[in-house]
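Student: Got a file for you: target.cif, mmCIF, C-alpha atoms.
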data_model
#
loop_
_atom_site.label_atom_id
_atom_site.label_comp_id
_atom_site.auth_asym_id
_atom_site.auth_seq_id
_atom_site.Cartn_x
_atom_site.Cartn_y
_atom_site.Cartn_z
CA MET P 1 24.96 -1.31 -3.93
CA ARG P 2 25.79 1.82 -5.95
CA ILE P 3 25.31 5.16 -4.20
CA LEU P 4 25.56 8.73 -5.46
CA ILE P 5 26.35 11.17 -2.64
CA LEU P 6 25.47 14.81 -3.33
CA THR P 7 26.90 17.76 -1.40
CA LYS P 8 27.55 21.42 -2.22
CA HIS P 9 31.32 21.38 -1.82
CA LEU P 10 34.25 19.58 -0.23
CA HIS P 11 35.90 22.56 1.43
CA VAL P 12 36.97 22.20 5.05
CA GLY P 13 33.91 21.89 7.29
CA GLY P 14 31.63 19.55 9.18
CA ILE P 15 29.40 18.34 6.31
CA SER P 16 32.35 17.87 3.96
CA ARG P 17 34.21 15.79 6.54
CA TYR P 18 31.06 13.77 7.20
CA VAL P 19 30.64 13.04 3.47
CA VAL P 20 34.27 11.99 3.01
CA ASN P 21 34.16 9.72 6.08
CA LEU P 22 30.85 8.22 4.94
CA ALA P 23 32.15 7.57 1.43
CA LYS P 24 35.33 5.94 2.71
CA GLY P 25 33.45 3.81 5.23
CA LEU P 26 30.87 2.62 2.69
CA LYS P 27 33.58 1.75 0.18
CA GLY P 28 35.12 -0.43 2.88
CA LYS P 29 31.81 -2.33 2.93
CA ASN P 30 32.09 -3.07 -0.81
CA CYS P 31 29.67 -0.34 -1.88
CA ASP P 32 30.33 1.48 -5.15
CA ILE P 33 30.43 5.17 -4.22
CA VAL P 34 30.32 8.28 -6.39
CA VAL P 35 30.42 11.78 -4.86
CA ALA P 36 29.19 14.85 -6.72
CA SER P 37 30.12 18.35 -5.52
CA SER P 38 31.70 21.60 -6.65
CA GLY P 39 35.03 20.32 -5.32
CA GLY P 40 37.34 21.50 -2.57
CA ALA P 41 40.37 20.58 -0.51
CA LEU P 42 38.92 17.26 0.68
CA ALA P 43 38.26 15.98 -2.86
CA THR P 44 41.85 14.71 -3.05
CA GLU P 45 41.18 12.47 -0.04
CA LEU P 46 38.35 10.78 -1.95
CA LEU P 47 40.55 10.24 -4.98
CA SER P 48 43.32 8.78 -2.82
CA HIS P 49 40.81 6.10 -1.74
CA ASN P 50 39.73 5.43 -5.36
CA ILE P 51 36.32 7.06 -4.86
CA SER P 52 34.95 8.73 -7.97
CA HIS P 53 34.14 12.44 -7.86
CA ILE P 54 31.95 14.39 -10.30
CA THR P 55 32.53 18.15 -10.34
CA VAL P 56 29.28 20.12 -10.72
CA PRO P 57 28.59 23.89 -10.19
CA ILE P 58 26.44 23.26 -7.15
CA ASN P 59 27.98 25.49 -4.48
CA THR P 60 24.99 27.79 -4.02
CA LYS P 61 22.28 28.50 -1.46
CA SER P 62 19.56 29.10 -4.05
CA VAL P 63 17.68 26.47 -6.05
CA LEU P 64 17.15 29.22 -8.68
CA SER P 65 20.89 29.51 -9.37
CA PRO P 66 21.93 28.72 -12.98
CA GLY P 67 24.49 26.33 -11.48
CA VAL P 68 21.65 24.15 -10.18
CA ALA P 69 20.22 23.71 -13.67
CA ARG P 70 23.66 22.89 -15.08
CA SER P 71 24.29 20.42 -12.26
CA ILE P 72 20.99 18.65 -12.97
CA LEU P 73 21.91 18.27 -16.66
CA ILE P 74 25.40 16.94 -15.87
CA LEU P 75 24.04 14.45 -13.33
CA MET P 76 21.19 13.36 -15.62
CA ARG P 77 23.70 12.47 -18.34
CA TYR P 78 25.80 10.55 -15.82
CA LEU P 79 22.86 8.66 -14.30
CA LYS P 80 21.54 7.61 -17.71
CA LYS P 81 24.88 5.88 -18.35
CA HIS P 82 25.45 4.48 -14.83
CA LYS P 83 22.87 2.69 -12.74
CA ILE P 84 22.50 4.15 -9.25
CA ASP P 85 20.54 2.42 -6.46
CA ILE P 86 20.36 5.36 -4.05
CA ILE P 87 20.90 9.12 -4.26
CA HIS P 88 21.97 10.44 -0.86
CA SER P 89 21.93 14.25 -0.52
CA HIS P 90 23.43 16.33 2.27
CA THR P 91 22.36 19.95 1.87
CA ARG P 92 19.09 21.70 1.10
CA VAL P 93 19.96 22.54 -2.53
CA THR P 94 21.40 19.10 -3.28
CA SER P 95 18.32 17.54 -1.71
CA PHE P 96 16.14 19.51 -4.12
CA ILE P 97 18.28 18.16 -6.97
CA GLY P 98 18.13 14.65 -5.53
CA ASN P 99 14.34 14.77 -5.36
CA LEU P 100 14.14 15.88 -8.98
CA LEU P 101 16.58 13.24 -10.25
CA ALA P 102 14.96 10.48 -8.22
CA GLY P 103 11.53 11.35 -9.61
CA LEU P 104 12.73 11.47 -13.21
CA LEU P 105 14.81 8.29 -13.01
CA LYS P 106 12.69 6.28 -10.54
CA THR P 107 15.61 6.01 -8.11
CA SER P 108 15.51 5.97 -4.29
CA HIS P 109 16.50 9.20 -2.57
CA ILE P 110 17.57 9.86 1.02
CA THR P 111 18.23 13.26 2.58
CA THR P 112 20.50 13.76 5.57
CA VAL P 113 19.60 16.97 7.40
CA HIS P 114 22.71 18.43 9.06
CA GLY P 115 21.34 21.87 9.87
CA ILE P 116 18.31 23.53 11.37
CA TYR P 117 16.12 24.86 8.58
CA LYS P 118 13.86 27.86 8.99
CA LYS P 119 10.63 28.39 7.10
CA LYS P 120 11.05 30.33 3.85
CA LEU P 121 8.73 30.72 0.86
CA LEU P 122 11.05 29.07 -1.69
CA ARG P 123 11.34 25.99 0.52
CA LYS P 124 7.57 25.54 0.26
CA ILE P 125 7.50 26.13 -3.48
CA PHE P 126 10.46 23.79 -4.13
CA PRO P 127 10.23 20.81 -1.74
CA PHE P 128 13.70 19.67 -0.74
CA LEU P 129 13.19 16.76 1.64
CA SER P 130 12.97 13.15 0.50
CA LYS P 131 10.45 10.60 1.76
CA GLN P 132 13.14 9.05 3.97
CA ILE P 133 15.04 11.60 6.04
CA ILE P 134 18.09 11.10 8.23
CA ALA P 135 18.58 13.61 11.05
CA VAL P 136 22.03 13.93 12.61
CA SER P 137 20.56 14.66 16.04
CA PHE P 138 17.35 14.42 18.05
CA GLU P 139 17.22 18.22 18.08
CA THR P 140 17.26 18.24 14.29
CA LYS P 141 14.46 15.68 14.21
CA ARG P 142 12.39 17.72 16.68
CA ARG P 143 12.70 20.85 14.58
CA LEU P 144 11.86 19.03 11.37
CA GLN P 145 8.69 17.77 13.03
CA GLU P 146 7.74 21.09 14.62
CA TRP P 147 8.88 23.54 11.93
CA GLU P 148 8.28 21.52 8.77
CA GLY P 149 5.39 19.40 10.02
CA ILE P 150 7.11 16.17 8.96
CA PRO P 151 5.81 12.96 10.60
CA GLY P 152 8.35 11.34 12.88
CA VAL P 153 7.99 8.03 11.02
CA ARG P 154 9.79 9.59 8.03
CA ILE P 155 12.79 10.64 10.13
CA LYS P 156 15.55 8.32 11.33
CA VAL P 157 18.13 9.73 13.76
CA VAL P 158 21.62 8.57 12.80
CA PRO P 159 24.03 10.55 15.01
CA ASN P 160 27.26 11.93 13.61
CA ALA P 161 30.47 9.99 14.10
CA VAL P 162 34.22 10.39 13.69
CA ASP P 163 37.07 8.19 12.56
CA VAL P 164 38.50 7.60 16.04
CA ASP P 165 41.67 5.94 14.72
CA TYR P 166 42.43 9.03 12.63
CA PHE P 167 42.76 11.01 15.86
CA LEU P 168 44.26 8.33 18.08
CA THR P 169 47.10 7.66 15.65
CA TYR P 170 48.19 11.29 15.34
CA PRO P 171 51.96 10.86 15.80
CA TYR P 172 53.03 14.14 17.44
CA THR P 173 53.18 15.02 21.13
CA LYS P 174 51.80 18.24 22.56
CA TYR P 175 55.34 19.64 22.63
CA GLU P 176 55.91 18.73 18.97
CA ALA P 177 52.52 20.07 17.87
CA ARG P 178 53.16 23.40 19.58
CA GLU P 179 56.61 23.57 18.05
CA LYS P 180 55.18 22.97 14.56
CA LEU P 181 52.55 25.69 15.14
CA ASN P 182 55.02 28.11 16.77
CA LEU P 183 53.02 28.16 20.01
CA ASN P 184 54.45 28.84 23.48
CA GLN P 185 55.38 25.58 25.22
CA ASP P 186 54.64 27.00 28.68
CA ALA P 187 51.25 28.50 27.82
CA PHE P 188 47.87 27.24 29.03
CA ILE P 189 46.05 27.12 25.71
CA LEU P 190 42.29 27.33 25.21
CA GLY P 191 40.95 26.50 21.77
CA ASN P 192 37.86 26.68 19.60
CA ILE P 193 37.33 25.13 16.16
CA SER P 194 34.19 26.35 14.42
CA ARG P 195 32.80 28.80 11.92
CA ILE P 196 33.32 32.27 13.37
CA GLU P 197 29.70 33.40 13.48
CA LYS P 198 27.59 35.05 16.18
CA ILE P 199 25.54 31.86 16.61
CA LYS P 200 28.76 30.00 17.56
CA GLY P 201 29.31 32.25 20.58
CA GLN P 202 33.04 32.89 20.31
CA GLU P 203 32.50 36.37 21.73
CA ILE P 204 31.74 34.94 25.20
CA LEU P 205 34.96 32.97 24.94
CA LEU P 206 36.90 36.20 24.39
CA ARG P 207 35.14 37.85 27.34
CA ALA P 208 35.82 34.88 29.61
CA PHE P 209 39.43 34.90 28.40
CA MET P 210 39.79 38.51 29.52
CA GLU P 211 38.74 37.51 33.06
CA LEU P 212 40.78 34.30 33.11
CA ARG P 213 44.05 35.95 32.15
CA LYS P 214 43.93 37.79 35.50
CA VAL P 215 44.41 34.47 37.35
CA VAL P 216 45.88 32.03 34.78
CA ARG P 217 49.51 32.57 33.97
CA ASN P 218 50.55 32.72 30.31
CA LEU P 219 47.04 32.10 28.97
CA LYS P 220 46.52 31.87 25.19
CA LEU P 221 43.49 31.31 22.95
CA ILE P 222 43.54 29.82 19.44
CA LEU P 223 40.53 30.16 17.13
CA VAL P 224 40.49 27.85 14.10
CA GLY P 225 37.93 28.68 11.43
CA GLU P 226 36.61 31.43 9.22
CA GLY P 227 33.34 33.34 9.20
CA LYS P 228 31.54 36.67 8.95
CA ASN P 229 32.18 37.52 12.60
CA ARG P 230 35.98 37.22 12.45
CA PRO P 231 36.74 40.93 11.76
CA GLU P 232 34.49 41.98 14.65
CA LEU P 233 36.19 39.55 17.05
CA GLU P 234 39.65 40.61 15.90
CA THR P 235 38.69 44.21 16.66
CA LEU P 236 37.32 43.17 20.06
CA ALA P 237 40.56 41.34 20.90
CA GLU P 238 42.59 44.42 19.97
CA THR P 239 40.28 46.75 21.93
CA MET P 240 40.64 44.54 25.01
CA GLY P 241 44.42 44.60 24.66
CA MET P 242 44.56 40.85 23.96
CA LYS P 243 45.68 40.83 20.32
CA GLY P 244 48.95 39.02 21.03
CA ASP P 245 47.31 36.36 23.19
CA ILE P 246 44.38 35.48 20.90
CA LEU P 247 45.35 33.87 17.61
CA PHE P 248 42.99 33.71 14.63
CA LEU P 249 44.39 30.84 12.56
CA GLY P 250 41.81 30.47 9.77
CA GLY P 251 40.25 27.28 8.41
CA LYS P 252 42.34 24.11 8.40
CA THR P 253 42.02 20.78 6.60
CA ASP P 254 43.67 18.82 9.42
CA VAL P 255 42.60 20.00 12.87
CA ARG P 256 44.66 17.42 14.80
CA PRO P 257 47.76 19.58 15.40
CA PHE P 258 45.58 22.33 16.88
CA LEU P 259 43.63 19.94 19.11
CA ARG P 260 46.88 18.35 20.29
CA ALA P 261 48.23 21.78 21.22
CA MET P 262 45.19 22.68 23.37
CA ASP P 263 44.79 22.26 27.12
CA VAL P 264 41.01 22.81 27.03
CA PHE P 265 38.59 22.83 24.09
CA CYS P 266 35.79 25.40 24.50
CA PHE P 267 32.69 24.97 22.35
CA THR P 268 30.28 27.84 22.96
CA PRO P 269 27.33 27.89 20.47
CA TYR P 270 23.94 29.36 21.27
CA GLU P 271 22.38 26.84 18.89
CA GLU P 272 23.85 23.77 17.21
CA PRO P 273 22.50 20.97 15.00
CA PHE P 274 25.02 18.50 16.48
CA GLY P 275 28.58 19.70 17.09
CA ILE P 276 30.83 17.07 15.50
CA VAL P 277 33.92 18.96 16.64
CA THR P 278 33.06 17.93 20.22
CA LEU P 279 33.59 14.31 19.14
CA GLU P 280 36.89 15.23 17.51
CA ALA P 281 38.09 16.88 20.71
CA MET P 282 37.10 13.85 22.82
CA ALA P 283 38.74 11.46 20.34
CA MET P 284 41.90 13.54 20.50
CA GLY P 285 41.99 13.44 24.31
CA VAL P 286 41.23 17.13 24.92
CA PRO P 287 39.00 18.00 27.90
CA LEU P 288 35.82 19.69 26.79
CA VAL P 289 33.80 22.66 28.05
CA ALA P 290 30.59 23.09 26.04
CA THR P 291 27.26 24.85 26.11
CA ARG P 292 24.18 22.89 27.14
CA VAL P 293 22.34 23.07 23.78
CA SER P 294 20.90 20.63 21.25
CA ASP P 295 22.31 17.10 21.63
CA ILE P 296 25.48 18.15 23.45
CA PRO P 297 24.11 16.87 26.81
CA ILE P 298 23.38 13.53 25.10
CA ILE P 299 26.85 13.40 23.52
CA THR P 300 28.52 14.12 26.86
CA GLU P 301 26.24 11.89 28.99
CA ASN P 302 24.71 14.97 30.59
CA GLY P 303 28.08 16.34 31.59
CA ASN P 304 29.80 13.09 32.57
CA CYS P 305 32.31 13.57 29.73
CA ALA P 306 32.55 17.36 29.76
CA LEU P 307 31.82 20.45 31.80
CA LEU P 308 28.56 21.97 30.56
CA ILE P 309 27.62 25.62 30.80
CA SER P 310 24.59 27.75 29.91
CA PRO P 311 24.79 29.42 26.47
CA GLY P 312 26.11 32.96 26.63
CA ASN P 313 27.19 32.69 30.28
CA VAL P 314 30.67 34.19 30.60
CA GLU P 315 30.91 33.50 34.34
CA GLU P 316 30.10 29.80 33.99
CA LEU P 317 32.61 29.45 31.17
CA LYS P 318 35.31 31.17 33.20
CA ASN P 319 34.65 28.95 36.24
CA ALA P 320 34.63 25.75 34.16
CA VAL P 321 38.01 26.55 32.59
CA LEU P 322 39.39 27.55 35.98
CA GLU P 323 38.24 24.22 37.45
CA LEU P 324 40.20 22.29 34.82
CA TYR P 325 43.23 24.56 35.22
CA GLN P 326 43.30 24.02 38.98
CA ASN P 327 42.29 20.35 39.04
CA PRO P 328 44.47 18.11 36.80
CA HIS P 329 42.72 14.97 38.13
CA LYS P 330 39.35 16.28 36.93
CA LYS P 331 40.91 17.09 33.59
CA GLU P 332 42.32 13.56 33.16
CA ALA P 333 39.03 11.96 34.22
CA LEU P 334 37.13 13.92 31.53
CA ILE P 335 39.69 12.87 28.92
CA LEU P 336 39.26 9.16 29.72
CA LYS P 337 35.46 9.36 29.87
CA GLY P 338 35.28 11.34 26.64
CA LEU P 339 37.46 8.88 24.76
CA ARG P 340 35.42 5.93 26.02
CA ARG P 341 32.19 7.64 25.01
CA VAL P 342 33.26 8.45 21.46
CA LYS P 343 34.64 4.94 20.92
CA GLU P 344 31.49 3.23 22.16
CA VAL P 345 28.78 5.45 20.65
CA TYR P 346 30.17 7.84 18.03
CA SER P 347 32.73 5.84 16.06
CA LEU P 348 32.66 5.65 12.25
CA PRO P 349 31.91 1.88 12.05
CA ARG P 350 28.67 2.47 13.98
CA LEU P 351 27.65 5.23 11.55
CA ILE P 352 28.34 3.01 8.55
CA GLU P 353 26.31 0.10 9.95
CA ASP P 354 23.40 2.42 10.78
CA MET P 355 23.53 3.92 7.28
CA LEU P 356 23.64 0.54 5.55
CA GLU P 357 20.58 -0.50 7.54
CA VAL P 358 18.71 2.60 6.28
CA TYR P 359 19.81 1.98 2.68
CA GLN P 360 18.72 -1.64 2.76
CA ARG P 361 15.32 -0.77 4.24
CA VAL P 362 14.74 1.94 1.62
CA LEU P 363 15.64 -0.44 -1.24
CA LYS P 364 13.44 -3.18 0.22
CA TYR P 365 10.36 -0.96 0.15
CA ALA P 366 11.21 0.95 -3.02
#
In structure tokens, what does this structure look like?

Tutor:
Amino acid sequence: MRILILTKHLHVGGISRYVVNLAKGLKGKNCDIVVASSGGALATELLSHNISHITVPINTKSVLSPGVARSILILMRYLKKHKIDIIHSHTRVTSFIGNLLAGLLKTSHITTVHGIYKKKLLRKIFPFLSKQIIAVSFETKRRLQEWEGIPGVRIKVVPNAVDVDYFLTYPYTKYEAREKLNLNQDAFILGNISRIEKIKGQEILLRAFMELRKVVRNLKLILVGEGKNRPELETLAETMGMKGDILFLGGKTDVRPFLRAMDVFCFTPYEEPFGIVTLEAMAMGVPLVATRVSDIPIITENGNCALLISPGNVEELKNAVLELYQNPHKKEALILKGLRRVKEVYSLPRLIEDMLEVYQRVLKYA
């Protein structure tokens, strides 16, 4: 089976990591995989696993971008020389391209929807969803049905997954990770890994931090990620007199050292398509506090594997962190339950088997 995977870029981020993991897992099942994107830091990981990569100028949010037309021409030339069984796209723009290529070349096309799309005129004029759609969460499926009017029969939920071994085999202790990152060994460290955007709710984490530092000795907060809201949050931290205790570390290719250094992972979005970083935290053995949105209650067995809070609720977040600070037994119990959960339900082999089943069904009825 030969599969072309389309995505905008391979910079650090949830979709890029998903694509790389998917490509590696499928290659391990003797599939011939080609990835097309505008490139990025994770492209070298594909090449190190002998997975072909085509560079196309596709890193845009608009289907009207000149880069889209150039990408279509480059991919058309490639596909005329190389037989492809399935085109699998992973963003709205690449899905538009996938639809076009599939129609011209009579090839099967599958779209994975990672985000929550809102109605816009161009999305009606230029259809971007394939006949067979994969949703990464039940929340994503619900919104596709309600917002886009897509029949549920066209949508298959294949939940996100992580390479559990990648996290379990991280060789450094908490002490060593903190030493490498120049973090205080005696600190109680809260962490967040996400795009720094208003929708991700990091502001409530800063406000809860301000309250927590009154009762938690040597409290620190590390924020890993970039985004439009970073300057505003840096100003807020300085205004609150917390600049030295809140560290903005930027985007990182390997998040394992930062997870290892944390005492509690705080994930605070107001809205979330899935939240793959919650799986990464559980796989790394970090206790999780998360907002009760989207599929996060499903991921955490309705709070069995994490402490869940209401979105935007500073008081609940403060109390949840305080509970883990004061109760080491609770903290260890969440770690064990979280690791069991991610191994049993959200491991990469499960994702690969689910995806192969979708591919085979699509080819059967093509």

Student: If you apply the PyMOL selection byres ((chain P and resi 114) around 8) to this file, what residues do you get, as a list of chain:residue names?

Tutor: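 Selected by the PyMOL selection byres ((chain P and resi 114) around 8) here: P:Ile15, P:His90, P:Thr91, P:Thr112, P:Val113, P:Gly115, P:Ile116, P:Ala135, P:Val136, P:Thr140, P:Pro273, P:Phe274.
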
Student: Excluding same-chain residues fewer than 4 positions from Gly275 (chain P), what lies within 10 Å of it counting all atoms listed in the file, as a count of residues only?

Tutor: 16

Student: Written as number ranges by chain, what is the full residue list that the PyMOL selection byres ((chain P and resi 165) around 10) yields on the file shown?

Tutor: P: 162-164, 166-170, 283-284, 343, 347-348

Student: Kindly indicate which residue among P:Leu101, P:Arg256, P:Phe138, P:Thr278 lies nearest to Pro159 (chain P), using all atoms listed in the file for the distances.

Tutor: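 Selected residue with least distance to Pro159 (chain P): P:Phe138.
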
Student: Report the residues retrieved by the PyMOL selection byres ((chain P and resi 193) around 7) from the displayed file, expressed as a PyMOL selection string.

Tutor: chain P and resi 191-192+194+223-225

Student: State, in Å with one decimal place, the distance from CA of Ile246 (chain P) to CA of Ile222 (chain P).

Tutor: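 Taking CA of Ile246 (chain P) and CA of Ile222 (chain P), their separation equals 5.9 Å.
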
Student: Can you work out the spacing between CA of Leu322 (chain P) and CA of Leu221 (chain P) in Å, to one decimal?

Tutor: 14.2 Å

Student: To one decimal in Å, tell me the separation between CA of Arg195 (chain P) and CA of Cys266 (chain P).

Tutor: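 Those two atoms sit 13.4 Å apart.
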
Student: Please provide as an MDAnalysis selection string all residues within 12 Å of Asn182 (chain P), with the sequence filter that same-chain residues fewer than 2 positions apart are discarded (counting only C-alpha atoms).

Tutor: chainID P and resid 174:180 184:187 222 247 249 257:258 261

Student: Return the single residue from P:Ile51, P:Val19, P:Met210, P:Leu219 that is closest to Met240 (chain P), with distances computed using only C-alpha atoms.

Tutor: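 Answer, going by the shortest atom-to-atom distance: P:Met210.
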
Student: With 6 Å of padding per side, what axis-aligned box (centre and edge lengths, Å, one decimal) covers all the listed atoms of region 128-141 of chain P? Give it as AutoDock Vina command-line options.

Tutor:
--center_x 16.2 --center_y 14.4 --center_z 8.7 --size_x 23.6 --size_y 22.6 --size_z 30.8

Student: Can you pull out the residues contacting region 26-42 of chain P? Cut-off 9 Å, using all atoms listed in the file, and skip same-chain residues under 3 positions away; I want them as a PyMOL selection string.

Tutor: chain P and resi 1-12+16-17+19-23+45-46+49+51-59+75+253+352-353+355-356

Student: Just want the 12 Å neighbourhood of Val153 (chain P), counted on all atoms listed in the file, with same-chain residues fewer than 6 positions away dropped. Output as number ranges by chain.

Tutor: P: 131-135, 141, 144-145

Student: Go ahead and save the picked residues with C-alpha atoms, as a CSV table (one decimal), in the coordinates of the input.

Tutor:
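And here is the file that came out, result19.csv:
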chain,number,residue,atom,x,y,z
P,131,LYS,CA,10.4,10.6,1.8
P,132,GLN,CA,13.1,9.0,4.0
P,133,ILE,CA,15.0,11.6,6.0
P,134,ILE,CA,18.1,11.1,8.2
P,135,ALA,CA,18.6,13.6,11.0
P,141,LYS,CA,14.5,15.7,14.2
P,144,LEU,CA,11.9,19.0,11.4
P,145,GLN,CA,8.7,17.8,13.0

Student: Check the smallest atom-to-atom distance from each of P:Leu100, P:Leu308, P:Ile74, P:Leu351 to Ala320 (chain P) using all atoms listed in the file, then report the winner.

Tutor: P:Leu308

Student: Identify the residues around (32.5, 32.4, 32.7) within a radius of 9 Å, measuring from all atoms listed in the file in the coordinates stated by the file, and give them as an MDAnalysis selection string.

Tutor: chainID P and resid 204:205 207:209 211:212 309 312:321

Student: Restricting the calculation to all atoms listed in the file, which member of P:His82, P:His88, P:Ile199, P:Ile97 is positioned closest to Gly67 (chain P)?

Tutor: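 Under the stated criterion, the closest residue is P:Ile97.
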
Student: Could you tell me which of P:Val93, P:Met262, P:Leu129, P:Ile84 comes closest to Thr60 (chain P) if we count only C-alpha atoms?

Tutor: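 Closest candidate: P:Val93.
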
Student: Which residues are close to Arg340 (chain P), i.e. within 9 Å by all atoms listed in the file, leaving aside same-chain residues fewer than 4 positions away? Reply as number ranges by chain.

Tutor: P: 282-283, 335-336, 344-345

Student: Tell me which of P:Ser89, P:Ile276, P:Gly227, P:Arg213 sits closest to Tyr18 (chain P), counting only C-alpha atoms.

Tutor: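 Smallest separation from Tyr18 (chain P) among the options: P:Ile276.
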